>>> print(open('model.tsv').read())   # TSV, C-alpha atoms
chain	number	residue	atom	x	y	z
A	1	MET	CA	86.05	-12.33	42.89
A	2	ASP	CA	86.18	-12.22	39.11
A	3	VAL	CA	88.34	-9.64	37.36
A	4	VAL	CA	88.07	-8.77	33.66
A	5	ILE	CA	90.79	-6.85	31.85
A	6	PHE	CA	90.47	-5.16	28.46
A	7	TYR	CA	93.62	-4.20	26.56
A	8	LYS	CA	94.56	-4.36	22.89
A	9	SER	CA	97.45	-6.80	23.33
A	10	TYR	CA	98.72	-9.38	25.78
A	11	LYS	CA	102.48	-9.77	25.83
A	12	LYS	CA	105.51	-9.41	28.08
A	13	TYR	CA	107.32	-6.76	26.04
A	14	GLY	CA	106.46	-3.05	26.20
A	15	GLY	CA	105.55	-0.54	28.91
A	16	GLN	CA	101.77	-0.81	29.33
A	17	GLU	CA	101.82	-4.38	28.01
A	18	LYS	CA	104.22	-5.41	30.75
A	19	VAL	CA	101.97	-3.84	33.38
A	20	VAL	CA	98.91	-5.73	32.08
A	21	TYR	CA	100.84	-9.00	31.89
A	22	ASN	CA	102.34	-8.70	35.39
A	23	LEU	CA	99.10	-7.51	37.01
A	24	SER	CA	96.98	-10.28	35.51
A	25	ASN	CA	99.39	-12.95	36.75
A	26	TYR	CA	99.73	-11.29	40.15
A	27	LEU	CA	95.95	-11.25	40.64
A	28	GLY	CA	95.78	-14.84	39.43
A	29	SER	CA	98.43	-15.88	41.97
A	30	LYS	CA	96.30	-14.31	44.70
A	31	GLY	CA	93.32	-16.49	43.79
A	32	TYR	CA	91.32	-14.12	41.60
A	33	ASN	CA	89.72	-15.47	38.44
A	34	VAL	CA	91.12	-13.19	35.75
A	35	THR	CA	89.93	-12.98	32.15
A	36	VAL	CA	91.88	-10.86	29.69
A	37	TYR	CA	90.25	-9.70	26.44
A	38	ALA	CA	92.77	-8.64	23.79
A	39	SER	CA	92.90	-8.36	20.02
A	40	LYS	CA	96.51	-9.56	19.90
A	41	ILE	CA	97.84	-12.37	22.08
A	42	LYS	CA	101.58	-13.03	21.86
A	43	ASP	CA	102.44	-14.62	25.23
A	44	LEU	CA	100.64	-17.07	27.50
A	45	PRO	CA	99.89	-16.28	31.15
A	46	GLU	CA	101.96	-17.79	33.95
A	47	SER	CA	99.04	-18.24	36.36
A	48	GLU	CA	96.47	-20.96	35.79
A	49	ASN	CA	93.81	-18.56	37.08
A	50	VAL	CA	94.31	-16.25	34.08
A	51	SER	CA	92.37	-17.03	30.90
A	52	LEU	CA	92.68	-15.24	27.57
A	53	LYS	CA	89.86	-14.28	25.19
A	54	LYS	CA	90.56	-12.87	21.76
A	55	ILE	CA	88.49	-10.05	20.34
A	56	PHE	CA	88.72	-10.37	16.59
A	57	ILE	CA	89.61	-7.13	14.83
A	58	PRO	CA	89.87	-7.23	11.02
A	59	PRO	CA	92.87	-5.60	9.26
A	60	LEU	CA	91.41	-2.09	9.12
A	61	PRO	CA	93.26	1.25	9.35
A	62	ARG	CA	94.65	1.86	12.84
A	63	GLY	CA	92.01	4.39	13.89
A	64	ALA	CA	89.19	2.09	12.80
A	65	ARG	CA	90.79	-0.82	14.69
A	66	THR	CA	91.04	1.30	17.83
A	67	LEU	CA	87.41	2.38	17.60
A	68	LEU	CA	86.15	-1.13	16.87
A	69	PHE	CA	88.05	-2.60	19.81
A	70	ALA	CA	86.58	0.08	22.09
A	71	PHE	CA	83.01	-0.64	20.92
A	72	LEU	CA	83.36	-4.42	21.12
A	73	SER	CA	84.92	-4.11	24.59
A	74	TYR	CA	82.05	-1.85	25.64
A	75	ARG	CA	79.44	-4.38	24.50
A	76	LYS	CA	81.23	-7.23	26.23
A	77	ALA	CA	81.74	-5.27	29.44
A	78	LYS	CA	78.06	-4.28	29.61
A	79	LYS	CA	77.05	-7.91	29.15
A	80	ILE	CA	79.44	-9.07	31.87
A	81	LYS	CA	78.10	-6.46	34.29
A	82	LYS	CA	74.52	-7.61	33.69
A	83	GLN	CA	75.51	-11.18	34.46
A	84	SER	CA	77.51	-10.30	37.58
A	85	VAL	CA	77.57	-6.84	39.11
A	86	ASP	CA	80.39	-7.94	41.43
A	87	THR	CA	82.82	-8.51	38.59
A	88	VAL	CA	85.47	-5.80	38.49
A	89	ILE	CA	86.32	-4.48	35.04
A	90	LEU	CA	89.74	-2.96	34.41
A	91	GLY	CA	90.61	-0.88	31.35
A	92	PHE	CA	94.16	-0.11	30.30
A	93	GLY	CA	93.90	1.58	26.96
A	94	LYS	CA	91.40	2.92	24.48
A	95	THR	CA	88.24	1.58	26.16
A	96	PHE	CA	85.51	3.69	27.70
A	97	TYR	CA	83.52	1.38	29.99
A	98	GLN	CA	85.26	0.11	33.12
A	99	ASP	CA	85.19	0.32	36.92
A	100	ILE	CA	88.89	1.05	37.17
A	101	TYR	CA	90.89	2.75	34.43
A	102	ARG	CA	94.66	2.88	34.32
A	103	SER	CA	95.91	5.83	32.33
A	104	GLY	CA	99.36	4.47	31.61
A	105	GLY	CA	100.05	6.61	28.57
A	106	GLY	CA	98.84	10.01	29.68
A	107	VAL	CA	96.35	12.30	27.93
A	108	HIS	CA	96.43	12.18	24.14
A	109	LYS	CA	95.96	15.94	23.60
A	110	TYR	CA	98.93	16.73	25.83
A	111	TYR	CA	101.02	13.98	24.29
A	112	PHE	CA	100.36	15.49	20.86
A	113	GLN	CA	101.68	18.89	21.98
A	114	ARG	CA	104.88	17.34	23.24
A	115	ALA	CA	105.28	14.99	20.27
A	116	LEU	CA	105.57	17.95	17.91
A	117	LEU	CA	109.03	18.56	19.38
A	118	LYS	CA	110.37	15.23	18.16
A	119	TYR	CA	111.17	17.02	14.91
A	120	SER	CA	113.84	19.68	15.29
A	121	ASN	CA	112.99	21.07	11.85
A	122	PRO	CA	110.05	23.59	12.02
A	123	ILE	CA	108.76	22.49	8.61
A	124	GLN	CA	108.66	18.86	9.72
A	125	ARG	CA	106.75	19.91	12.83
A	126	LYS	CA	104.13	21.67	10.74
A	127	LEU	CA	103.79	18.70	8.41
A	128	TYR	CA	103.42	16.37	11.39
A	129	LYS	CA	100.72	18.63	12.85
A	130	ILE	CA	98.81	18.70	9.57
A	131	LYS	CA	99.14	14.93	9.25
A	132	LYS	CA	97.67	14.42	12.72
A	133	TYR	CA	94.78	16.82	12.09
A	134	LEU	CA	93.93	14.80	8.99
A	135	SER	CA	94.27	11.51	10.85
A	136	LEU	CA	91.11	9.65	11.87
A	137	SER	CA	93.10	7.88	14.58
A	138	HIS	CA	94.01	11.19	16.25
A	139	TRP	CA	90.40	12.30	16.64
A	140	ILE	CA	89.22	8.83	17.67
A	141	ASN	CA	91.76	8.77	20.49
A	142	ILE	CA	90.54	12.15	21.74
A	143	TRP	CA	86.88	11.06	21.53
A	144	ILE	CA	87.50	7.79	23.40
A	145	GLU	CA	89.33	9.63	26.18
A	146	GLU	CA	86.42	12.02	26.60
A	147	LYS	CA	83.99	9.08	26.81
A	148	THR	CA	86.29	7.36	29.31
A	149	PHE	CA	86.24	10.18	31.82
A	150	GLU	CA	82.55	10.99	31.27
A	151	ASN	CA	81.60	7.41	32.18
A	152	SER	CA	79.43	7.45	35.32
A	153	HIS	CA	80.49	3.87	36.13
A	154	LEU	CA	84.12	4.91	36.52
A	155	LYS	CA	85.03	4.45	40.18
A	156	SER	CA	88.76	4.92	40.15
A	157	VAL	CA	91.59	6.13	37.91
A	158	ILE	CA	95.06	4.71	38.42
A	159	VAL	CA	98.03	6.73	37.14
A	160	PRO	CA	101.77	6.00	37.33
A	161	SER	CA	102.85	9.56	38.10
A	162	GLU	CA	101.85	13.08	39.16
A	163	PHE	CA	102.73	14.01	35.60
A	164	VAL	CA	99.77	11.98	34.27
A	165	LYS	CA	97.48	12.98	37.13
A	166	ASN	CA	97.93	16.65	36.31
A	167	GLN	CA	97.25	16.02	32.62
A	168	ILE	CA	93.89	14.44	33.51
A	169	LEU	CA	92.90	17.19	35.95
A	170	ASN	CA	93.84	19.90	33.43
A	171	ASN	CA	91.87	18.35	30.57
A	172	PHE	CA	88.84	16.61	32.10
A	173	ASN	CA	86.26	17.18	34.80
A	174	VAL	CA	87.38	14.36	37.10
A	175	ASP	CA	87.11	14.34	40.89
A	176	GLU	CA	90.71	14.40	42.13
A	177	SER	CA	89.81	12.00	44.94
A	178	LYS	CA	89.17	9.32	42.31
A	179	ILE	CA	92.76	9.45	41.07
A	180	ASP	CA	95.39	7.28	42.76
A	181	ILE	CA	99.09	7.18	41.94
A	182	ILE	CA	100.60	3.70	41.78
A	183	ARG	CA	104.08	3.89	40.37
A	184	ASN	CA	105.50	1.24	38.09
A	185	GLY	CA	107.77	-1.32	39.68
A	186	VAL	CA	110.96	-3.15	38.79
A	187	ASP	CA	111.62	-6.86	38.49
A	188	PHE	CA	114.66	-7.13	40.77
A	189	LYS	CA	115.15	-10.76	39.82
A	190	ARG	CA	116.18	-9.50	36.40
A	191	PHE	CA	117.48	-5.98	36.98
A	192	TYR	CA	120.29	-5.71	39.52
A	193	PRO	CA	124.02	-4.82	39.49
A	194	ASN	CA	125.91	-7.69	37.88
A	195	VAL	CA	129.67	-7.36	37.53
A	196	GLU	CA	130.00	-10.50	35.43
A	197	ILE	CA	127.52	-9.22	32.84
A	198	GLU	CA	129.31	-5.87	32.79
A	199	LYS	CA	132.72	-7.43	32.15
A	200	SER	CA	131.39	-9.81	29.52
A	201	PHE	CA	129.40	-7.25	27.53
A	202	ARG	CA	132.12	-4.59	27.69
A	203	ASN	CA	134.53	-7.15	26.33
A	204	GLU	CA	132.05	-8.11	23.59
A	205	LEU	CA	131.66	-4.47	22.52
A	206	GLY	CA	135.35	-3.63	22.91
A	207	ILE	CA	134.84	-1.08	25.69
A	208	LYS	CA	137.69	-0.60	28.16
A	209	GLU	CA	137.12	-1.47	31.81
A	210	LYS	CA	137.38	2.09	33.17
A	211	GLU	CA	135.81	3.87	30.19
A	212	LEU	CA	132.73	5.95	31.03
A	213	VAL	CA	129.58	4.64	29.33
A	214	PHE	CA	126.21	6.32	28.84
A	215	SER	CA	123.18	4.32	27.71
A	216	PHE	CA	119.87	5.17	26.05
A	217	VAL	CA	117.01	2.68	25.61
A	218	SER	CA	113.66	3.25	23.91
A	219	THR	CA	111.16	1.84	21.43
A	220	ASN	CA	110.44	5.27	19.93
A	221	HIS	CA	113.76	7.01	19.42
A	222	ARG	CA	112.37	10.28	18.03
A	223	LEU	CA	109.86	10.83	20.83
A	224	LYS	CA	112.39	9.86	23.47
A	225	GLY	CA	114.83	12.54	22.32
A	226	LEU	CA	117.60	10.59	20.61
A	227	GLU	CA	118.13	13.29	17.97
A	228	TYR	CA	118.88	15.89	20.64
A	229	LEU	CA	121.05	13.44	22.56
A	230	LEU	CA	123.22	12.72	19.51
A	231	GLN	CA	123.61	16.44	18.93
A	232	ALA	CA	124.76	16.76	22.55
A	233	VAL	CA	127.29	13.95	22.05
A	234	LYS	CA	128.62	15.82	19.02
A	235	ILE	CA	129.06	18.97	21.14
A	236	LEU	CA	131.09	16.98	23.67
A	237	LYS	CA	133.17	15.26	21.01
A	238	ASP	CA	134.08	18.65	19.57
A	239	LYS	CA	135.25	19.56	23.09
A	240	LYS	CA	137.57	16.52	22.92
A	241	TYR	CA	135.72	14.44	25.52
A	242	ARG	CA	135.87	10.70	25.02
A	243	PHE	CA	133.25	8.23	26.28
A	244	LYS	CA	130.84	5.69	24.87
A	245	LEU	CA	127.08	5.79	24.28
A	246	ILE	CA	125.10	2.57	23.89
A	247	ILE	CA	121.76	2.90	22.09
A	248	ALA	CA	119.24	0.04	22.27
A	249	GLY	CA	115.70	-0.29	20.94
A	250	GLY	CA	114.36	1.20	17.76
A	251	GLY	CA	112.39	3.79	15.86
A	252	ASP	CA	113.41	5.52	12.62
A	253	ASP	CA	116.44	3.24	12.55
A	254	LYS	CA	117.73	4.31	9.14
A	255	TYR	CA	117.45	8.01	10.03
A	256	PHE	CA	119.49	7.63	13.20
A	257	LYS	CA	122.06	5.35	11.58
A	258	ASN	CA	122.63	8.07	8.99
A	259	MET	CA	122.71	10.76	11.66
A	260	ILE	CA	125.41	8.93	13.64
A	261	GLU	CA	127.53	8.68	10.49
A	262	LYS	CA	126.86	12.28	9.45
A	263	LEU	CA	127.91	13.60	12.87
A	264	ASN	CA	131.00	11.35	12.76
A	265	LEU	CA	130.05	9.59	16.01
A	266	SER	CA	130.56	5.98	14.94
A	267	ASP	CA	133.68	5.67	17.12
A	268	MET	CA	131.71	6.68	20.24
A	269	VAL	CA	128.23	5.27	19.67
A	270	PHE	CA	127.05	1.66	19.63
A	271	ASN	CA	123.65	1.48	17.96
A	272	LEU	CA	122.57	-2.07	18.87
A	273	GLY	CA	118.92	-2.08	17.82
A	274	LYS	CA	116.53	-4.27	19.78
A	275	VAL	CA	118.32	-6.13	22.58
A	276	LYS	CA	116.40	-9.01	24.16
A	277	GLU	CA	118.52	-9.12	27.32
A	278	ILE	CA	118.37	-5.39	27.96
A	279	GLU	CA	119.89	-5.83	31.42
A	280	LYS	CA	123.23	-6.30	29.62
A	281	VAL	CA	123.04	-2.71	28.39
A	282	TYR	CA	122.19	-1.28	31.80
A	283	ASN	CA	124.94	-3.22	33.55
A	284	THR	CA	127.51	-2.14	30.99
A	285	SER	CA	126.73	1.56	31.40
A	286	ASP	CA	127.42	3.98	34.24
A	287	ILE	CA	124.84	6.61	33.37
A	288	PHE	CA	121.41	6.24	31.82
A	289	ILE	CA	120.47	9.34	29.86
A	290	TYR	CA	116.85	9.84	28.83
A	291	PRO	CA	115.95	13.23	27.31
A	292	THR	CA	112.44	12.10	26.45
A	293	LEU	CA	109.93	14.64	25.17
A	294	PHE	CA	107.07	12.65	26.68
A	295	ASP	CA	106.80	9.50	28.79
A	296	ALA	CA	104.03	8.89	31.30
A	297	SER	CA	106.35	6.84	33.50
A	298	ALA	CA	109.64	5.62	32.13
A	299	ASN	CA	110.20	1.99	33.12
A	300	VAL	CA	113.59	2.08	31.42
A	301	THR	CA	114.84	4.66	33.91
A	302	LEU	CA	113.78	2.51	36.87
A	303	GLU	CA	115.40	-0.57	35.33
A	304	ALA	CA	118.64	1.31	34.73
A	305	MET	CA	118.67	2.64	38.29
A	306	ALA	CA	118.18	-0.92	39.57
A	307	CYS	CA	121.38	-1.80	37.66
A	308	LYS	CA	123.16	1.04	39.47
A	309	ASN	CA	123.05	3.67	36.73
A	310	VAL	CA	122.94	7.39	37.42
A	311	PRO	CA	119.65	8.60	35.89
A	312	VAL	CA	119.78	11.78	33.82
A	313	ALA	CA	116.10	12.17	33.05
A	314	SER	CA	113.77	14.61	31.36
A	315	VAL	CA	111.20	16.35	33.55
A	316	TYR	CA	108.64	15.04	31.06
A	317	SER	CA	109.35	11.40	31.90
A	318	GLY	CA	107.04	10.81	34.88
A	319	THR	CA	109.81	8.87	36.60
A	320	ASN	CA	111.64	12.16	37.13
A	321	GLU	CA	109.45	12.65	40.22
A	322	ILE	CA	111.62	10.21	42.22
A	323	ILE	CA	114.84	11.88	41.08
A	324	LYS	CA	116.31	14.68	43.17
A	325	GLU	CA	118.87	16.90	41.51
A	326	ASN	CA	122.42	16.05	42.58
A	327	GLU	CA	121.13	13.62	45.22
A	328	ASN	CA	120.31	10.52	43.19
A	329	GLY	CA	120.53	11.79	39.61
A	330	LEU	CA	120.18	14.81	37.33
A	331	LEU	CA	117.19	16.39	35.59
A	332	ILE	CA	116.91	17.75	32.06
A	333	ARG	CA	114.41	20.61	32.00
A	334	ASN	CA	114.52	21.28	28.24
A	335	PRO	CA	115.04	17.93	26.52
A	336	ASP	CA	114.89	19.54	23.06
A	337	ASN	CA	117.98	21.59	23.94
A	338	PRO	CA	121.21	19.69	23.04
A	339	GLU	CA	123.32	22.26	24.87
A	340	GLU	CA	121.56	21.59	28.18
A	341	ILE	CA	121.89	17.83	27.69
A	342	SER	CA	125.61	18.19	26.94
A	343	LEU	CA	126.17	20.25	30.09
A	344	LYS	CA	124.59	17.53	32.26
A	345	MET	CA	126.78	14.92	30.59
A	346	GLU	CA	129.88	17.10	30.86
A	347	TYR	CA	129.33	17.62	34.59
A	348	LEU	CA	129.31	13.87	35.18
A	349	ILE	CA	132.32	13.27	32.91
A	350	GLN	CA	134.30	15.82	34.92
A	351	ASN	CA	133.20	14.46	38.32
A	352	PRO	CA	133.77	10.68	38.54
A	353	SER	CA	133.45	10.67	42.33
A	354	THR	CA	130.01	12.27	42.00
A	355	VAL	CA	129.02	9.54	39.55
A	356	LYS	CA	129.90	6.88	42.15
A	357	ASN	CA	127.87	8.61	44.87
A	358	LEU	CA	124.86	9.14	42.62
A	359	GLN	CA	124.97	5.50	41.52
A	360	GLU	CA	124.64	4.34	45.12
A	361	GLU	CA	121.79	6.74	45.85
A	362	ALA	CA	119.97	5.82	42.62
A	363	LEU	CA	120.04	2.15	43.56
A	364	ASN	CA	118.85	2.87	47.11
A	365	THR	CA	115.98	4.96	45.75
A	366	VAL	CA	114.67	2.41	43.29
A	367	LEU	CA	114.77	-0.52	45.73
A	368	SER	CA	111.44	0.61	47.16
A	369	TYR	CA	109.74	0.18	43.76
A	370	SER	CA	109.26	-3.56	43.43
A	371	SER	CA	107.11	-5.10	40.68
A	372	PHE	CA	104.51	-7.81	41.25
A	373	ASN	CA	107.26	-10.36	40.81
>>> encode(input="model.tsv", output="structure tokens")
Amino acid sequence: MDVVIFYKSYKKYGGQEKVVYNLSNYLGSKGYNVTVYASKIKDLPESENVSLKKIFIPPLPRGARTLLFAFLSYRKAKKIKKQSVDTVILGFGKTFYQDIYRSGGGVHKYYFQRALLKYSNPIQRKLYKIKKYLSLSHWINIWIEEKTFENSHLKSVIVPSEFVKNQILNNFNVDESKIDIIRNGVDFKRFYPNVEIEKSFRNELGIKEKELVFSFVSTNHRLKGLEYLLQAVKILKDKKYRFKLIIAGGGDDKYFKNMIEKLNLSDMVFNLGKVKEIEKVYNTSDIFIYPTLFDASANVTLEAMACKNVPVASVYSGTNEIIKENENGLLIRNPDNPEEISLKMEYLIQNPSTVKNLQEEALNTVLSYSSFN
């Protein structure tokens, strides 16, 4: 059987990108002939049964690029279907003609509501809202999603969480029986408890062996709640608690560098930027804290759990659905509330034996979520 995949980029790094990359190679390893159409190709496939085709998109504004990729993908998909009705077409992003659609990022309208909270300042929120309303890209994303779920050829919708499933059911007229939940997996060849990495990286950073370490990893620090997390760390520092927080990834780097200095947290916070071997961060920390305002399904939480971290996750993370309060982690119900975040952190600081128990249960939980690798 031939399988055709449409997605804007083909690379190993990133949430949805990683899913597309792993799935294409998995299908190729099973003998399927897979063709991936993308406008950006950064990495080559591992399977010889996977071929890449580039859809040329000129350097237009982002919204225009999104719309053009959707139209060109539509034309190509229609042509492929005429040539072979048995070919299965998979869509992973802003495309509106496919047999199977994976909604890995959730519904744009709901995302927009949550994204407003990434600014703690009410004036900034209003300015962000106005900016989006004036943005062509914003309205194009909404229009493409409507076309996606109106498509009569759509046979199945794959989502990574109940969180995303409910967004679709609440915003579109989609038969619930068409929606299947397939959770993201973890590459256990890469993410696993490694004492040697822990010792080495702690030594590199100057962190003591027994010192409690929290970690936070994202590629969009504002949306993933870093501002509120730093405010929570400040609350705890003022209470005379001492621990370390490792931040990896990026997003508004200058803003958060200044915020760390302004809150006088430089002695407690390591802001590492993008870390290629992110497993070093997970293995060095005891607790992964993720007060995200929106995440369809947080791969970072799963990866951290696989490295034996206690997950402290927002209820808006998708991955929170596998976390049970005080059984294998903790849940943050209001991620824009620094006080609530600080109380979760304080509880774990005060209860080291609980941390050990939750670490074991977190690892046991995540072991059932294997990736295609």
>>> residues_around(input="model.tsv", residues="Gly105 (chain A)", least_positions_apart="4", cutoff="12 Å", atoms="all atoms listed in the file", output="PyMOL selection string")
chain A and resi 14-17+19+92-94+101+109-112+141+145+158-161+163-165+167-168+294-298+317-318
>>> residues_around(input="model.tsv", residues="Val195 (chain A)", least_positions_apart="2", cutoff="12 Å", atoms="all atoms listed in the file", output="list in words")
Tyr192, Pro193, Ile197, Glu198, Lys199, Ser200, Phe201, Arg202, Glu209, Glu279, Lys280, Tyr282, Asn283, Thr284, Ser285, Cys307 and Lys308 of chain A
>>> closest_residue(input="model.tsv", among="A:Ala304, A:Met259, A:Ile130, A:Leu154", to="Gly329 (chain A)", atoms="all atoms listed in the file")
A:Ala304
>>> residues_near_point(input="model.tsv", point="(121.2, 2.9, 26.3)", cutoff="7 Å", atoms="all atoms listed in the file", output="list in words")
Phe214, Ser215, Phe216, Val217, Leu245, Ile246, Ile247, Ala248, Val281, Tyr282 and Phe288 of chain A
>>> residues_near_point(input="model.tsv", point="(111.2, -2.3, 43.9)", cutoff="10 Å", atoms="all atoms listed in the file", output="ChimeraX atom specification")
/A:184-188,302-303,306,363-373
>>> write_last_selection(input="model.tsv", atoms="C-alpha atoms", output="short mmCIF file (atom, residue, chain, number, x, y, z; two decimals), keeping the file's coordinate frame")
data_model
loop_
_atom_site.label_atom_id
_atom_site.label_comp_id
_atom_site.auth_asym_id
_atom_site.auth_seq_id
_atom_site.Cartn_x
_atom_site.Cartn_y
_atom_site.Cartn_z
CA ASN A 184 105.50 1.24 38.09
CA GLY A 185 107.77 -1.32 39.68
CA VAL A 186 110.96 -3.15 38.79
CA ASP A 187 111.62 -6.86 38.49
CA PHE A 188 114.66 -7.13 40.77
CA LEU A 302 113.78 2.51 36.87
CA GLU A 303 115.40 -0.57 35.33
CA ALA A 306 118.18 -0.92 39.57
CA LEU A 363 120.04 2.15 43.56
CA ASN A 364 118.85 2.87 47.11
CA THR A 365 115.98 4.96 45.75
CA VAL A 366 114.67 2.41 43.29
CA LEU A 367 114.77 -0.52 45.73
CA SER A 368 111.44 0.61 47.16
CA TYR A 369 109.74 0.18 43.76
CA SER A 370 109.26 -3.56 43.43
CA SER A 371 107.11 -5.10 40.68
CA PHE A 372 104.51 -7.81 41.25
CA ASN A 373 107.26 -10.36 40.81
#
>>> residues_around(input="model.tsv", residues="Leu136 (chain A)", least_positions_apart="4", cutoff="9 Å", atoms="all atoms listed in the file", output="PDB file with C-alpha atoms, in the coordinates of the input")
ATOM      1  CA  ARG A  62      94.650   1.860  12.840  1.00  0.00           C
ATOM      2  CA  GLY A  63      92.010   4.390  13.890  1.00  0.00           C
ATOM      3  CA  ALA A  64      89.190   2.090  12.800  1.00  0.00           C
ATOM      4  CA  LYS A 132      97.670  14.420  12.720  1.00  0.00           C
ATOM      5  CA  ILE A 140      89.220   8.830  17.670  1.00  0.00           C
ATOM      6  CA  ASN A 141      91.760   8.770  20.490  1.00  0.00           C
TER       7      ASN A 141
END
>>> closest_residue(input="model.tsv", among="A:Lys178, A:Arg65, A:Lys131, A:Lys11", to="Pro45 (chain A)", atoms="all atoms listed in the file")
A:Lys11
>>> residues_around(input="model.tsv", residues="Val233 (chain A)", least_positions_apart="4", cutoff="8 Å", atoms="all atoms listed in the file", output="ChimeraX atom specification")
/A:229,237,265,342
>>> atom_distance(input="model.tsv", atom1="CA of Arg183 (chain A)", atom2="CA of Thr87 (chain A)")
24.7 Å
>>> atom_distance(input="model.tsv", atom1="CA of Glu321 (chain A)", atom2="CA of Leu116 (chain A)")
23.3 Å
>>> residues_around(input="model.tsv", residues="Lys12 (chain A)", least_positions_apart="4", cutoff="7 Å", atoms="all atoms listed in the file", output="VMD selection string")
chain A and resid 17 to 18 21 43
>>> closest_residue(input="model.tsv", among="A:Leu205, A:Met268, A:Leu67, A:Tyr128", to="Ile144 (chain A)", atoms="only C-alpha atoms")
A:Leu67
>>> atom_distance(input="model.tsv", atom1="CA of Gln124 (chain A)", atom2="CA of Glu227 (chain A)")
13.7 Å
>>> closest_residue(input="model.tsv", among="A:Asn328, A:Gln98, A:Ser152, A:Ser218", to="Ile278 (chain A)", atoms="only C-alpha atoms")
A:Ser218
>>> closest_residue(input="model.tsv", among="A:Ile57, A:Val269, A:Ala38, A:Leu236", to="Met345 (chain A)", atoms="only C-alpha atoms")
A:Leu236
>>> decode(input="model.tsv", residues="region 114-125 of chain A", atoms="N, CA, C and O atoms", output="short mmCIF file (atom, residue, chain, number, x, y, z; two decimals), in the first residue's frame")
data_model
loop_
_atom_site.label_atom_id
_atom_site.label_comp_id
_atom_site.auth_asym_id
_atom_site.auth_seq_id
_atom_site.Cartn_x
_atom_site.Cartn_y
_atom_site.Cartn_z
N ARG A 114 -6.53 30.38 25.18
CA ARG A 114 -5.55 30.05 26.21
C ARG A 114 -4.27 30.88 26.07
O ARG A 114 -3.66 31.27 27.06
N ALA A 115 -3.87 31.16 24.83
CA ALA A 115 -2.63 31.89 24.58
C ALA A 115 -2.68 33.32 25.10
O ALA A 115 -1.63 33.92 25.37
N LEU A 116 -3.86 33.88 25.24
CA LEU A 116 -3.99 35.22 25.80
C LEU A 116 -3.36 35.32 27.19
O LEU A 116 -2.83 36.35 27.58
N LEU A 117 -3.37 34.19 27.91
CA LEU A 117 -2.89 34.18 29.30
C LEU A 117 -1.37 34.20 29.40
O LEU A 117 -0.83 34.32 30.50
N LYS A 118 -0.69 34.06 28.26
CA LYS A 118 0.77 34.04 28.35
C LYS A 118 1.33 35.40 28.74
O LYS A 118 2.50 35.52 29.10
N TYR A 119 0.48 36.42 28.66
CA TYR A 119 0.88 37.75 29.15
C TYR A 119 0.16 38.01 30.47
O TYR A 119 -1.07 38.00 30.53
N SER A 120 0.92 38.23 31.51
CA SER A 120 0.30 38.50 32.82
C SER A 120 -0.26 39.91 32.89
O SER A 120 -1.18 40.18 33.67
N ASN A 121 0.26 40.80 32.06
CA ASN A 121 -0.20 42.19 32.02
C ASN A 121 -1.47 42.30 31.18
O ASN A 121 -1.47 41.93 30.00
N PRO A 122 -2.59 42.82 31.73
CA PRO A 122 -3.86 42.93 31.00
C PRO A 122 -3.74 43.76 29.72
O PRO A 122 -4.40 43.45 28.71
N ILE A 123 -2.92 44.79 29.74
CA ILE A 123 -2.74 45.63 28.54
C ILE A 123 -2.07 44.83 27.43
O ILE A 123 -2.47 44.90 26.26
N GLN A 124 -1.07 44.03 27.80
CA GLN A 124 -0.39 43.19 26.82
C GLN A 124 -1.35 42.16 26.23
O GLN A 124 -1.29 41.85 25.04
N ARG A 125 -2.25 41.66 27.06
CA ARG A 125 -3.24 40.69 26.57
C ARG A 125 -4.15 41.34 25.51
O ARG A 125 -4.44 40.73 24.48
#
